[in-house]
Amino acid sequence: MDKLIEFLPFLIPLIIVQFALLAYTLYHVLTHKNYKRGNRTLWLIVVIVLMNFVGPILYFVFGKEDQ
């Protein structure tokens, strides 16, 4: 328990950034119709299942279509 308290000042900002990135990615997936690869359902599953930075990063690299 003491180790967790020791790392808490580092973990809280990281968790906030993670959820902000997840929220922005979900917003983007739900408001756009065109994707480079896959469809909306695929990207929602990828983003939600791999929500620890991996899913949103995969979406912005491989799924987001440039406008």
# chains A, B, ... in the order shown; residues from 1 in each chain; ligands from 1
>>> residues_around(residues="A:Lys36", least_positions_apart="5", cutoff="7 Å", atoms="only C-alpha atoms", output="ChimeraX atom specification")
/A:62-65
>>> select_by_dssp(residues="chain A", states="alpha helix (DSSP H)", output="PyMOL selection string")
chain A and resi 2-31+40-49+54-58
>>> atom_distance(atom1="atom CA of A:His32", atom2="atom CA of A:Pro13")
28.5 Å
>>> atom_distance(atom1="atom CA of A:Lys33", atom2="atom CA of A:Val49")
20.7 Å
>>> atom_distance(atom1="atom CA of A:Met51", atom2="atom CA of A:Leu22")
6.6 Å
>>> residues_around(residues="A:Leu26", least_positions_apart="6", cutoff="9 Å", atoms="only C-alpha atoms", output="PyMOL selection string")
chain A and resi 43-44+47-48+56
>>> write_last_selection(atoms="C-alpha atoms", output="PDB file, in the first residue's frame")
ATOM      1  CA  TRP A  43     -12.879   1.037 -34.121  1.00  0.00           C
ATOM      2  CA  LEU A  44     -15.281   1.280 -31.179  1.00  0.00           C
ATOM      3  CA  VAL A  47     -10.708   1.678 -28.674  1.00  0.00           C
ATOM      4  CA  ILE A  48     -12.783   0.336 -25.779  1.00  0.00           C
ATOM      5  CA  PRO A  56      -6.729   5.370 -29.188  1.00  0.00           C
TER       6      PRO A  56
END
>>> decode(residues="stretch 10-57 of chain A", atoms="C-alpha atoms", output="tab-separated table (two decimals), in the first residue's frame")
chain	number	residue	atom	x	y	z
A	10	PHE	CA	2.70	10.20	-11.01
A	11	LEU	CA	-0.33	7.96	-11.59
A	12	ILE	CA	-3.10	10.55	-11.22
A	13	PRO	CA	-1.99	12.76	-14.16
A	14	LEU	CA	-1.36	9.66	-16.27
A	15	ILE	CA	-4.88	8.35	-15.56
A	16	ILE	CA	-6.39	11.76	-16.38
A	17	VAL	CA	-4.51	11.88	-19.71
A	18	GLN	CA	-5.55	8.32	-20.50
A	19	PHE	CA	-9.26	9.02	-19.97
A	20	ALA	CA	-9.07	12.33	-21.83
A	21	LEU	CA	-7.49	10.57	-24.82
A	22	LEU	CA	-10.13	7.83	-24.62
A	23	ALA	CA	-12.96	10.38	-24.50
A	24	TYR	CA	-11.59	12.36	-27.45
A	25	THR	CA	-11.08	9.18	-29.48
A	26	LEU	CA	-14.61	7.95	-28.78
A	27	TYR	CA	-15.98	11.36	-29.73
A	28	HIS	CA	-14.02	11.30	-32.98
A	29	VAL	CA	-15.06	7.74	-33.87
A	30	LEU	CA	-18.72	8.51	-33.21
A	31	THR	CA	-18.81	11.78	-35.15
A	32	HIS	CA	-16.98	10.75	-38.31
A	33	LYS	CA	-18.24	8.46	-41.07
A	34	ASN	CA	-15.07	7.71	-43.06
A	35	TYR	CA	-12.08	5.70	-41.86
A	36	LYS	CA	-8.86	4.66	-43.60
A	37	ARG	CA	-9.35	1.04	-42.52
A	38	GLY	CA	-12.32	-0.71	-40.96
A	39	ASN	CA	-15.64	0.74	-39.89
A	40	ARG	CA	-17.15	2.46	-36.87
A	41	THR	CA	-18.00	-0.79	-35.06
A	42	LEU	CA	-14.48	-2.15	-35.44
A	43	TRP	CA	-12.88	1.04	-34.12
A	44	LEU	CA	-15.28	1.28	-31.18
A	45	ILE	CA	-14.34	-2.26	-30.16
A	46	VAL	CA	-10.60	-1.60	-30.59
A	47	VAL	CA	-10.71	1.68	-28.67
A	48	ILE	CA	-12.78	0.34	-25.78
A	49	VAL	CA	-11.05	-3.04	-25.40
A	50	LEU	CA	-7.54	-1.61	-25.75
A	51	MET	CA	-8.26	1.60	-23.85
A	52	ASN	CA	-4.84	1.80	-22.14
A	53	PHE	CA	-3.41	4.24	-24.69
A	54	VAL	CA	-3.07	1.45	-27.28
A	55	GLY	CA	-6.60	1.59	-28.74
A	56	PRO	CA	-6.73	5.37	-29.19
A	57	ILE	CA	-3.22	5.46	-30.64
